[in-house]
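K.L.:
I'd like to ask you about the structure that follows.
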Amino acid sequence: MGDKLLTIALVYKLTMVCNTIDGLNKTYYLVVIFLNLLMKILQTFWTGPSAYNTGDLINMKGGWLTCEYHWMSWALSCLQAKEIFGEVHLVTDLKGKQILVDQLHLPYTSVSTDLEGALDDYHPALFSLAKIFTYGSQTEPFLHLDGDVYLWHKPHDDLLTARLIAQNMDKDLEFYSYGLDEINRHFTHIPETMRKEYYETKSIYGSNAGLLGGSDMAFFKRYCQQAFGFIDKNKGDLGKLNPGNLNFIFEQYLFCSLAAEENIAIAYYQPMVDSPVFKDYIKFEDWPDMEMVHPVGNFKKYPHVCDHLAKKLRNDYPEHYYRIINRVKSAGVDMRSAIYYSPLLELGEVSVSAIGKKVEPSFERTDAAINYLVKVYPNIGRLKTTISYKEFVDQAKIILTDKTEQACFVEIYKLEYRSNALLKKLYADKVATTQLYKAGIENFKTAQQTFALPESDLLQTKIGRPEHYKLLKACWDWRLDYKEQVNALTERNFNTRKSHHPVMLIPGELTGNVKEYYPDELDLIIFNTLRENMTIAALLPEMQEYFSPEEIEDDYNSFKELIINTVKVLVYAGAIKIIF
């Protein structure tokens, strides 16, 4: 009752303000006020059919690199939405409530378990049906956020008062045409807008549903009925294709095409996307100067994306961060954040205890190279990374007769050997390990504060080289964005000519390992210029000699922005540091 009285009081106060506005303007502002007050912020978490996922849900990855990032994503998404809107409502099932609310204590305003058993007759890969269920059960204007969407600012009123709202328009992205082609190949009941003759000669549009909602409740009823009807009529054909590829179609493509058919405008939060990469949605380092982050698809497996997510949650909501770490560890599930298993870490004030598991050296790419080469050089299979460095390199040079293959193989072994040596040095004892970890916390906090400063203050920030690093020369790009790439990466490099790919080894204190940063040309110029600490303002004239006079004179602000943004990326990567 208290919340309702507060709402009534606020509406009365705002109405008094609007009484000073005449005619249609008054009506418009009152509508804006009421719709903002009524807009319900929603999230949906479905754990699958009742007979599915019968074990401990904590090991669910949800597409992320490891499970802790799945829960960190839900936590950051919920907590940021709660911070911005004041309330967030959850639609889930009993197991979803158990983990998100009862165990992780995410502060949802209300929790509905209406999904319990509601979708038991549907394939678990059809996860968007749970969201469709939520959309169709609403009776008031709403805004739905996926659990991997993090908002930093409240959307403007023009968006929140629109009949239909979506994150962005997708144009001609491959997964739409692929899904539609599969439907036409295998399904019996195909809506007109999904028939090949309808879309094959025109651009294909979809409405990205990372953020979806609106005030046209009648439209949502029709849309949700059509989505379920489409799946229900074709249940017998689901076994002929990968059901997961349908989610984009019956949620995003159908939403967009139905709105177009009914001539209803959709208000989009972000610009149109016509590239499948979505790189603009993972720029954590641009905080606070961006509206949202949404790591779609395989970006959830990129180590630097996972690190940004974890550091942001740890910085802004440490209680929830460490609760997730403890919950995952108590279940005995492996985390990428192996530092929390290390007996060498002592956090003191934080409730995280080590259980004696050390970070082990890794030769993942060397092993993949051996597996690749063994077909041509059977003796390479006898090489073991446990022998001495000199013996390994000497034997490799004898076995491999092709000089390019020899150089490529030895290079990846040397890179991983040096990384492991630095790992052993950095995490030699409890004091060193703990200092690295706590320095990482302070460095991220300092970066967040620094890059939120007005430009005049930011330019006076002093920067320099990090305390621990090794800059190595390399002739091939060994960057491994996610583990599933390792075989493709190996094959590519053994079939690519030598080039120039420097790599920097720096502490990955969050995970208790050594990480690799692959600097581009401008990164290296800045790093090499920082032989002594200097302010960003002092760095700018140093950088001018690497640009033409015309570039500097014609658009100095763009030049300055480029240098500042490059410094920002280097700082967050740990390749340079802010000097206190």
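Scheme for the structure tokens: letters A, B, ... for chains in order shown; per-chain residue numbers from 1; ligand numbers from 1 in order shown.
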Could you please write out, as a PyMOL selection string, every residue of range 287-440 of chain A that DSSP assigns to helix (DSSP H, G or I)?

P.N.:
chain A and resi 297-301+303-316+318-330+338-341+364-373+378-382+389-399+403-426+430-440

K.L.:
Show me, as a count of residues only, the residues that have an atom within 9 Å of Ala118 in chain A when counting only C-alpha atoms, minus same-chain residues fewer than 2 positions from it.

P.N.:
9

K.L.:
Compile the contact shell of Thr529 in chain A as number ranges by chain: residues with an atom at most 10 Å away, counting only C-alpha atoms, same-chain residues fewer than 4 positions apart removed.

P.N.:
A: 464-465, 523-525, 533-534, 539, 542-543

K.L.:
Which range 250-358 of chain A residues have any atom within 10 Å of an atom of range 445-463 of chain A, and for each, what is the nearest pair of atoms with distance in Å to one decimal, counting only C-alpha atoms, rows sorted by chain and number, as JSON lines?

P.N.:
{"residue": "A:Glu285", "atom": "CA", "partner": "A:Gln448", "partner_atom": "CA", "distance": 8.4}
{"residue": "A:Asp286", "atom": "CA", "partner": "A:Phe451", "partner_atom": "CA", "distance": 8.2}
{"residue": "A:Trp287", "atom": "CA", "partner": "A:Gln448", "partner_atom": "CA", "distance": 7.4}
{"residue": "A:Pro288", "atom": "CA", "partner": "A:Ala452", "partner_atom": "CA", "distance": 6.3}
{"residue": "A:Asp289", "atom": "CA", "partner": "A:Ala452", "partner_atom": "CA", "distance": 8.0}
{"residue": "A:Lys311", "atom": "CA", "partner": "A:Lys445", "partner_atom": "CA", "distance": 9.0}
{"residue": "A:Lys312", "atom": "CA", "partner": "A:Lys445", "partner_atom": "CA", "distance": 8.9}
{"residue": "A:Arg314", "atom": "CA", "partner": "A:Lys445", "partner_atom": "CA", "distance": 9.8}
{"residue": "A:Asn315", "atom": "CA", "partner": "A:Lys445", "partner_atom": "CA", "distance": 6.6}
{"residue": "A:Asp316", "atom": "CA", "partner": "A:Lys445", "partner_atom": "CA", "distance": 9.1}

K.L.:
For the interface of range 418-523 of chain A with range 297-307 of chain A (cut-off 9 Å, counting only C-alpha atoms), please tabulate each contacting residue of range 418-523 of chain A alongside its nearest pair of atoms and their separation in Å to one decimal, rows sorted by chain and increasing number, as a Markdown table.

P.N.:
| residue | atom | partner | partner_atom | distance |
| --- | --- | --- | --- | --- |
| A:Leu480 | CA | A:Tyr302 | CA | 8.7 |
| A:Asp481 | CA | A:Tyr302 | CA | 5.1 |
| A:Tyr482 | CA | A:Tyr302 | CA | 5.5 |
| A:Lys483 | CA | A:Lys301 | CA | 8.3 |
| A:Leu510 | CA | A:Asp307 | CA | 7.4 |
| A:Thr511 | CA | A:Asp307 | CA | 8.4 |

K.L.:
Which residues are close to range 242-246 of chain A, i.e. within 10 Å by only C-alpha atoms, leaving aside same-chain residues fewer than 2 positions away? Reply as a JSON list (two decimals) with all heavy atoms, in the first residue's frame.

P.N.:
[["chain", "number", "residue", "atom", "x", "y", "z"],
["A", 123, "HIS", "N", 10.77, -28.19, -26.57],
["A", 123, "HIS", "CA", 12.20, -28.52, -26.59],
["A", 123, "HIS", "C", 12.98, -27.49, -25.76],
["A", 123, "HIS", "O", 12.74, -26.28, -25.87],
["A", 123, "HIS", "CB", 12.71, -28.51, -28.04],
["A", 123, "HIS", "CG", 14.04, -29.18, -28.22],
["A", 123, "HIS", "ND1", 15.21, -28.59, -27.81],
["A", 123, "HIS", "CD2", 14.37, -30.39, -28.78],
["A", 123, "HIS", "CE1", 16.22, -29.39, -28.10],
["A", 123, "HIS", "NE2", 15.74, -30.49, -28.69],
["A", 124, "PRO", "N", 13.94, -27.94, -24.93],
["A", 124, "PRO", "CA", 14.68, -26.99, -24.08],
["A", 124, "PRO", "C", 15.48, -25.96, -24.87],
["A", 124, "PRO", "O", 15.81, -24.89, -24.34],
["A", 124, "PRO", "CB", 15.61, -27.90, -23.26],
["A", 124, "PRO", "CG", 15.64, -29.20, -23.99],
["A", 124, "PRO", "CD", 14.32, -29.33, -24.66],
["A", 125, "ALA", "N", 15.82, -26.25, -26.14],
["A", 125, "ALA", "CA", 16.57, -25.28, -26.95],
["A", 125, "ALA", "C", 15.73, -24.10, -27.38],
["A", 125, "ALA", "O", 16.26, -23.07, -27.81],
["A", 125, "ALA", "CB", 17.15, -25.98, -28.18],
["A", 126, "LEU", "N", 14.40, -24.19, -27.24],
["A", 126, "LEU", "CA", 13.51, -23.08, -27.62],
["A", 126, "LEU", "C", 13.37, -22.10, -26.46],
["A", 126, "LEU", "O", 12.27, -21.81, -25.98],
["A", 126, "LEU", "CB", 12.15, -23.64, -28.04],
["A", 126, "LEU", "CG", 12.16, -24.59, -29.24],
["A", 126, "LEU", "CD1", 10.78, -25.20, -29.46],
["A", 126, "LEU", "CD2", 12.61, -23.84, -30.51],
["A", 127, "PHE", "N", 14.49, -21.55, -26.02],
["A", 127, "PHE", "CA", 14.52, -20.71, -24.81],
["A", 127, "PHE", "C", 13.71, -19.43, -24.99],
["A", 127, "PHE", "O", 13.20, -18.87, -24.01],
["A", 127, "PHE", "CB", 15.96, -20.38, -24.42],
["A", 127, "PHE", "CG", 16.77, -19.75, -25.52],
["A", 127, "PHE", "CD1", 16.72, -18.39, -25.76],
["A", 127, "PHE", "CD2", 17.61, -20.54, -26.30],
["A", 127, "PHE", "CE1", 17.48, -17.82, -26.76],
["A", 127, "PHE", "CE2", 18.38, -19.97, -27.31],
["A", 127, "PHE", "CZ", 18.32, -18.61, -27.54],
["A", 128, "SER", "N", 13.58, -18.93, -26.21],
["A", 128, "SER", "CA", 12.83, -17.69, -26.41],
["A", 128, "SER", "C", 11.34, -17.87, -26.15],
["A", 128, "SER", "O", 10.62, -16.88, -25.96],
["A", 128, "SER", "CB", 13.05, -17.14, -27.82],
["A", 128, "SER", "OG", 14.34, -16.57, -27.94],
["A", 175, "PHE", "N", 22.13, -15.31, -39.71],
["A", 175, "PHE", "CA", 21.36, -16.31, -38.96],
["A", 175, "PHE", "C", 19.87, -16.23, -39.26],
["A", 175, "PHE", "O", 19.15, -17.21, -39.06],
["A", 175, "PHE", "CB", 21.64, -16.24, -37.45],
["A", 175, "PHE", "CG", 21.53, -14.88, -36.83],
["A", 175, "PHE", "CD1", 20.31, -14.30, -36.56],
["A", 175, "PHE", "CD2", 22.68, -14.18, -36.49],
["A", 175, "PHE", "CE1", 20.22, -13.06, -35.96],
["A", 175, "PHE", "CE2", 22.61, -12.93, -35.88],
["A", 175, "PHE", "CZ", 21.37, -12.37, -35.62],
["A", 176, "TYR", "N", 19.38, -15.07, -39.72],
["A", 176, "TYR", "CA", 17.97, -14.98, -40.11],
["A", 176, "TYR", "C", 17.71, -15.76, -41.40],
["A", 176, "TYR", "O", 16.78, -16.57, -41.49],
["A", 176, "TYR", "CB", 17.55, -13.53, -40.31],
["A", 176, "TYR", "CG", 17.42, -12.73, -39.04],
["A", 176, "TYR", "CD1", 18.34, -11.74, -38.71],
["A", 176, "TYR", "CD2", 16.36, -12.95, -38.15],
["A", 176, "TYR", "CE1", 18.22, -11.01, -37.56],
["A", 176, "TYR", "CE2", 16.23, -12.21, -36.98],
["A", 176, "TYR", "CZ", 17.17, -11.24, -36.69],
["A", 176, "TYR", "OH", 17.05, -10.50, -35.54],
["A", 178, "TYR", "N", 19.52, -18.09, -42.71],
["A", 178, "TYR", "CA", 19.77, -19.51, -42.47],
["A", 178, "TYR", "C", 18.56, -20.16, -41.81],
["A", 178, "TYR", "O", 18.10, -21.23, -42.22],
["A", 178, "TYR", "CB", 21.01, -19.70, -41.61],
["A", 178, "TYR", "CG", 21.31, -21.15, -41.30],
["A", 178, "TYR", "CD1", 21.99, -21.93, -42.23],
["A", 178, "TYR", "CD2", 20.90, -21.72, -40.10],
["A", 178, "TYR", "CE1", 22.26, -23.27, -41.96],
["A", 178, "TYR", "CE2", 21.15, -23.06, -39.83],
["A", 178, "TYR", "CZ", 21.84, -23.83, -40.76],
["A", 178, "TYR", "OH", 22.09, -25.15, -40.51],
["A", 179, "GLY", "N", 18.03, -19.51, -40.76],
["A", 179, "GLY", "CA", 16.87, -20.06, -40.06],
["A", 179, "GLY", "C", 15.64, -20.15, -40.94],
["A", 179, "GLY", "O", 14.91, -21.15, -40.93],
["A", 180, "LEU", "N", 15.41, -19.11, -41.73],
["A", 180, "LEU", "CA", 14.25, -19.11, -42.63],
["A", 180, "LEU", "C", 14.39, -20.18, -43.72],
["A", 180, "LEU", "O", 13.41, -20.85, -44.07],
["A", 180, "LEU", "CB", 14.09, -17.73, -43.26],
["A", 180, "LEU", "CG", 13.59, -16.63, -42.31],
["A", 180, "LEU", "CD1", 13.76, -15.25, -42.94],
["A", 180, "LEU", "CD2", 12.13, -16.85, -41.92],
["A", 182, "GLU", "N", 15.98, -23.00, -43.41],
["A", 182, "GLU", "CA", 15.74, -24.27, -42.74],
["A", 182, "GLU", "C", 14.24, -24.52, -42.56],
["A", 182, "GLU", "O", 13.75, -25.64, -42.73],
["A", 182, "GLU", "CB", 16.44, -24.29, -41.38],
["A", 182, "GLU", "CG", 17.93, -24.47, -41.43],
["A", 182, "GLU", "CD", 18.31, -25.92, -41.72],
["A", 182, "GLU", "OE1", 18.38, -26.72, -40.78],
["A", 182, "GLU", "OE2", 18.49, -26.24, -42.92],
["A", 183, "ILE", "N", 13.52, -23.47, -42.21],
["A", 183, "ILE", "CA", 12.06, -23.59, -42.05],
["A", 183, "ILE", "C", 11.41, -23.99, -43.37],
["A", 183, "ILE", "O", 10.56, -24.89, -43.41],
["A", 183, "ILE", "CB", 11.47, -22.25, -41.53],
["A", 183, "ILE", "CG1", 11.86, -22.05, -40.06],
["A", 183, "ILE", "CG2", 9.96, -22.20, -41.70],
["A", 183, "ILE", "CD1", 11.60, -20.65, -39.54],
["A", 231, "ILE", "N", 5.22, -22.66, -33.60],
["A", 231, "ILE", "CA", 5.93, -23.82, -33.04],
["A", 231, "ILE", "C", 4.99, -25.01, -32.90],
["A", 231, "ILE", "O", 5.34, -26.15, -33.26],
["A", 231, "ILE", "CB", 6.58, -23.46, -31.69],
["A", 231, "ILE", "CG1", 7.66, -22.40, -31.88],
["A", 231, "ILE", "CG2", 7.17, -24.71, -31.03],
["A", 231, "ILE", "CD1", 8.82, -22.82, -32.75],
["A", 237, "ASP", "N", 7.99, -31.56, -36.96],
["A", 237, "ASP", "CA", 9.15, -31.37, -37.85],
["A", 237, "ASP", "C", 10.39, -30.87, -37.11],
["A", 237, "ASP", "O", 11.44, -30.67, -37.75],
["A", 237, "ASP", "CB", 8.79, -30.38, -38.96],
["A", 237, "ASP", "CG", 7.70, -30.91, -39.89],
["A", 237, "ASP", "OD1", 7.70, -32.13, -40.13],
["A", 237, "ASP", "OD2", 6.87, -30.11, -40.35],
["A", 238, "LEU", "N", 10.29, -30.64, -35.80],
["A", 238, "LEU", "CA", 11.41, -30.05, -35.06],
["A", 238, "LEU", "C", 12.66, -30.92, -35.09],
["A", 238, "LEU", "O", 13.78, -30.41, -35.03],
["A", 238, "LEU", "CB", 11.00, -29.77, -33.61],
["A", 238, "LEU", "CG", 10.06, -28.59, -33.38],
["A", 238, "LEU", "CD1", 9.67, -28.51, -31.91],
["A", 238, "LEU", "CD2", 10.70, -27.28, -33.83],
["A", 239, "GLY", "N", 12.47, -32.23, -35.18],
["A", 239, "GLY", "CA", 13.61, -33.13, -35.19],
["A", 239, "GLY", "C", 14.43, -33.08, -36.46],
["A", 239, "GLY", "O", 15.52, -33.66, -36.53],
["A", 240, "LYS", "N", 13.95, -32.38, -37.47],
["A", 240, "LYS", "CA", 14.65, -32.31, -38.75],
["A", 240, "LYS", "C", 15.69, -31.19, -38.81],
["A", 240, "LYS", "O", 16.42, -31.08, -39.80],
["A", 240, "LYS", "CB", 13.63, -32.11, -39.88],
["A", 240, "LYS", "CG", 12.60, -33.23, -39.98],
["A", 240, "LYS", "CD", 11.55, -32.90, -41.04],
["A", 240, "LYS", "CE", 10.47, -33.98, -41.12],
["A", 240, "LYS", "NZ", 9.42, -33.63, -42.11],
["A", 248, "PHE", "N", 15.62, -16.90, -33.09],
["A", 248, "PHE", "CA", 15.71, -15.59, -33.74],
["A", 248, "PHE", "C", 14.50, -15.33, -34.64],
["A", 248, "PHE", "O", 14.11, -14.18, -34.83],
["A", 248, "PHE", "CB", 16.98, -15.50, -34.59],
["A", 248, "PHE", "CG", 18.25, -15.66, -33.82],
["A", 248, "PHE", "CD1", 19.02, -16.81, -33.97],
["A", 248, "PHE", "CD2", 18.68, -14.69, -32.95],
["A", 248, "PHE", "CE1", 20.20, -16.97, -33.26],
["A", 248, "PHE", "CE2", 19.85, -14.83, -32.22],
["A", 248, "PHE", "CZ", 20.61, -15.98, -32.38],
["A", 249, "ILE", "N", 13.93, -16.42, -35.17],
["A", 249, "ILE", "CA", 12.85, -16.26, -36.14],
["A", 249, "ILE", "C", 11.52, -15.96, -35.45],
["A", 249, "ILE", "O", 10.87, -14.96, -35.76],
["A", 249, "ILE", "CB", 12.72, -17.52, -37.02],
["A", 249, "ILE", "CG1", 14.07, -17.84, -37.69],
["A", 249, "ILE", "CG2", 11.62, -17.33, -38.05],
["A", 249, "ILE", "CD1", 14.62, -16.73, -38.56],
["A", 250, "PHE", "N", 11.10, -16.83, -34.53],
["A", 250, "PHE", "CA", 9.77, -16.64, -33.96],
["A", 250, "PHE", "C", 9.72, -15.54, -32.89],
["A", 250, "PHE", "O", 8.65, -15.11, -32.51],
["A", 250, "PHE", "CB", 9.19, -17.95, -33.41],
["A", 250, "PHE", "CG", 9.90, -18.53, -32.21],
["A", 250, "PHE", "CD1", 9.71, -18.01, -30.94],
["A", 250, "PHE", "CD2", 10.72, -19.64, -32.35],
["A", 250, "PHE", "CE1", 10.35, -18.56, -29.84],
["A", 250, "PHE", "CE2", 11.35, -20.21, -31.25],
["A", 250, "PHE", "CZ", 11.17, -19.66, -29.99],
["A", 251, "GLU", "N", 10.89, -15.06, -32.44],
["A", 251, "GLU", "CA", 10.88, -13.93, -31.52],
["A", 251, "GLU", "C", 11.18, -12.63, -32.25],
["A", 251, "GLU", "O", 10.36, -11.71, -32.27],
["A", 251, "GLU", "CB", 11.89, -14.13, -30.39],
["A", 251, "GLU", "CG", 11.82, -12.99, -29.36],
["A", 251, "GLU", "CD", 12.84, -13.11, -28.24],
["A", 251, "GLU", "OE1", 13.89, -13.77, -28.44],
["A", 251, "GLU", "OE2", 12.61, -12.52, -27.17],
["A", 252, "GLN", "N", 12.32, -12.51, -32.91],
["A", 252, "GLN", "CA", 12.79, -11.23, -33.45],
["A", 252, "GLN", "C", 12.28, -10.95, -34.86],
["A", 252, "GLN", "O", 11.83, -9.84, -35.14],
["A", 252, "GLN", "CB", 14.32, -11.19, -33.39],
["A", 252, "GLN", "CG", 14.86, -11.38, -31.97],
["A", 252, "GLN", "CD", 16.37, -11.23, -31.84],
["A", 252, "GLN", "OE1", 16.88, -11.05, -30.76],
["A", 252, "GLN", "NE2", 17.08, -11.29, -32.94],
["A", 253, "TYR", "N", 12.35, -11.94, -35.74],
["A", 253, "TYR", "CA", 11.87, -11.74, -37.10],
["A", 253, "TYR", "C", 10.35, -11.57, -37.12],
["A", 253, "TYR", "O", 9.81, -10.68, -37.80],
["A", 253, "TYR", "CB", 12.27, -12.92, -37.98],
["A", 253, "TYR", "CG", 11.76, -12.84, -39.40],
["A", 253, "TYR", "CD1", 12.39, -12.05, -40.35],
["A", 253, "TYR", "CD2", 10.61, -13.55, -39.79],
["A", 253, "TYR", "CE1", 11.92, -11.97, -41.66],
["A", 253, "TYR", "CE2", 10.13, -13.48, -41.08],
["A", 253, "TYR", "CZ", 10.78, -12.69, -42.02],
["A", 253, "TYR", "OH", 10.30, -12.61, -43.30]]

K.L.:
So which one's closest to Ile370 in chain A, A:Ala331, A:Leu422, A:Ile324, A:Val410? Using only C-alpha atoms, please.

P.N.:
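Looking only at the distances to Ile370 in chain A, the closest residue turns out to be A:Val410.
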
K.L.:
Write out as a ChimeraX atom specification which residues come within 8 Å of Ala209 in chain A when counting only C-alpha atoms, dropping same-chain ones fewer than 2 positions away.

P.N.:
/A:146,166-168,207,211-212,251-252

K.L.:
So, with only C-alpha atoms as the atoms that count, which of A:Leu57, A:Ile536, A:Ile264, A:Leu145 lies closest to His89 in chain A?

P.N.:
A:Leu145

K.L.:
Taking only C-alpha atoms into account, which of A:Tyr122, A:Phe85, A:Tyr417, A:Tyr69 comes nearest Lys40 in chain A?

P.N.:
A:Phe85

K.L.:
Would you please work out which residue, of A:Leu104, A:Glu192, A:Gln225, A:Asp181, is nearest to Tyr135 in chain A when using only C-alpha atoms?

P.N.:
A:Gln225
